[in-house]
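Please read the structure below before turning to the comments.
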Amino acid sequence: MKNWMIASAALLLTVQARADEAPLTFITTAGLHAKTVSTPLTRWSFTIVDARTRVEFDENHIAGAINCPASQTAALLPKLVKDKSRQLIFYCNGPKCTKSQKGARVALSLGYKRVLEYNEGLPAWGKASLPVGGNPMQPVEMASVSPEDLRARMESGKGPTVVDVRDGGEFAQGRVAGSRNIQLDELEKRAREVRAGDVVVVDHSGGQRLLAGRVLHKAGRQAAASRLEGGLLGWQQKGLPVEEKALAERQ
């Protein structure tokens with residue numbers, strides 16, 4: 001019995017590893033648009049999956065899509081789409097955003113057979129003036145801070161509070177030293193944890209930071225936070241150090 005359990009676990013790990021390594025099949029903006037207009041939404045034989053956070057989805061999304069954040073795919077997708085033969089099309093914020101890839105690969109590991117990635121994502125869909133849904137929040141002004149300036153201010157001992165709004169898994173893999181992780185979907189209810197004063201918001205590459213500013217403003221933080229230019233990706237491209245060691249509990 002024990003040997004059978006060990007063999008089963010090994011097989012599961014092998015299947016997941018193969019799914020992580022498997023090349024994804026892409027669909028273009030034109031291809032996805034053609035599918036969406038070929039039949040009414042209620043008769044679609046596919047599901048468009050927005051792999052971004054709930055806040056991003058509520059703000060703006062492809063019309064007819066469902067929301068399944070990449071970090072929650074394993075637990076949430078089987079509840080949202082029970083038919084594993086149904087075609088799934090994952091998207092997020094374009095080529096620099098990795099959430100659609102992560103969600104698609106988890107779907108493959110779960111046994112969904114017909115998985116596509118719309119790598120061009122929401123920016124390309126919007127640029128083509130194709131149908132979207134959502135309830136945008138009130139825009140707010142956010143000053144930008146260069147990676148070099150932020151590092152200099154932090155090294156001076158008078159640095160700002162740095163709030164990283166990425167998923168917990170992404171934060172654990174690499175972050176600006178001294179930053180605090182409050183995921184975008186948790187930011188409104190945890191806004192009081194962000195101390196008054198100078199605040200700099202960090203995301204992956206720039207797609208979430210403006211929304212984070214709107215969420216803070218909505219939660220009563222009248223003073224606009226600043227945003228790190230280029231997000232953590234911009235920080236790394238400048239060759240600045242990223243903390244990768246085991247995390248102390250900061251949440």
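Here's how to read the names in the structure tokens: chain A, B, ... by the order shown, residue numbers from 1 in each chain, ligand numbers from 1 in the order shown.
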Where does DSSP see strand (DSSP E) in stretch 51-179 of chain A, if you list the residues as a tab-separated table (two decimals) with N, CA and C atoms, in the first residue's frame?
```tsv
chain	number	residue	atom	x	y	z
A	61	HIS	N	-12.24	44.25	-18.04
A	61	HIS	CA	-11.97	42.89	-18.50
A	61	HIS	C	-12.62	42.66	-19.85
A	62	ILE	N	-12.19	41.61	-20.53
A	62	ILE	CA	-12.80	41.23	-21.80
A	62	ILE	C	-14.24	40.80	-21.53
A	66	ILE	N	-14.51	35.17	-17.33
A	66	ILE	CA	-14.66	34.90	-15.91
A	66	ILE	C	-13.34	35.22	-15.23
A	67	ASN	N	-13.37	35.43	-13.93
A	67	ASN	CA	-12.15	35.75	-13.18
A	67	ASN	C	-11.69	34.55	-12.37
A	87	GLN	N	-12.82	24.16	-23.89
A	87	GLN	CA	-11.64	24.96	-24.23
A	87	GLN	C	-11.53	26.17	-23.29
A	88	LEU	N	-10.33	26.40	-22.80
A	88	LEU	CA	-10.06	27.52	-21.91
A	88	LEU	C	-9.05	28.45	-22.57
A	89	ILE	N	-9.30	29.76	-22.47
A	89	ILE	CA	-8.40	30.76	-23.05
A	89	ILE	C	-8.02	31.74	-21.94
A	90	PHE	N	-6.75	31.69	-21.52
A	90	PHE	CA	-6.27	32.52	-20.42
A	90	PHE	C	-5.63	33.81	-20.94
A	91	TYR	N	-5.87	34.89	-20.22
A	91	TYR	CA	-5.21	36.15	-20.57
A	91	TYR	C	-4.92	36.96	-19.31
A	115	VAL	N	-6.30	24.03	-23.83
A	115	VAL	CA	-5.91	25.27	-23.15
A	115	VAL	C	-5.12	26.16	-24.11
A	116	LEU	N	-5.55	27.41	-24.22
A	116	LEU	CA	-4.86	28.40	-25.03
A	116	LEU	C	-4.46	29.58	-24.15
A	117	GLU	N	-3.43	30.30	-24.60
A	117	GLU	CA	-3.06	31.54	-23.93
A	117	GLU	C	-3.21	32.71	-24.91
A	118	TYR	N	-3.95	33.73	-24.49
A	118	TYR	CA	-4.04	34.97	-25.26
A	118	TYR	C	-2.97	35.90	-24.70
A	132	VAL	N	-15.46	45.33	-23.80
A	132	VAL	CA	-14.95	45.11	-22.45
A	132	VAL	C	-16.07	45.34	-21.44
A	133	GLY	N	-15.87	44.86	-20.23
A	133	GLY	CA	-16.79	45.10	-19.13
A	133	GLY	C	-16.01	45.61	-17.94
A	144	SER	N	5.70	59.23	-9.93
A	144	SER	CA	6.56	58.07	-10.14
A	144	SER	C	7.91	58.27	-9.46
A	145	VAL	N	8.50	57.18	-9.04
A	145	VAL	CA	9.80	57.18	-8.39
A	145	VAL	C	10.71	56.23	-9.16
A	161	THR	N	7.52	53.94	3.06
A	161	THR	CA	6.95	52.61	3.21
A	161	THR	C	6.76	52.02	1.82
A	162	VAL	N	7.33	50.85	1.58
A	162	VAL	CA	7.24	50.22	0.26
A	162	VAL	C	6.23	49.08	0.36
A	163	VAL	N	5.14	49.20	-0.41
A	163	VAL	CA	4.08	48.20	-0.39
A	163	VAL	C	4.09	47.45	-1.72
A	164	ASP	N	4.33	46.16	-1.65
A	164	ASP	CA	4.37	45.30	-2.83
A	164	ASP	C	3.01	44.63	-2.96
```
> When DSSP works through the backbone of this structure, what residues of stretch 140-249 of chain A end up as alpha helix (DSSP H), shown as number ranges by chain?
Replying inline: A: 147-155, 168-173, 209-218, 231-237
> Looking at only C-alpha atoms, which of A:Gly206, A:Gly168, A:Gly111, A:Gly126 is the one that sits closest to A:Leu233?
Replying inline: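 Under the stated criterion, the closest residue is A:Gly206.
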> Any idea what's packed within 10 Å of A:Ser71, counting only C-alpha atoms, ignoring anything in its chain fewer than 2 positions away? Could you give it as a count of residues only?
Replying inline: 17
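Distance-wise, atom CA of A:Ala128 and atom CA of A:His33 end up 9.8 Å apart.
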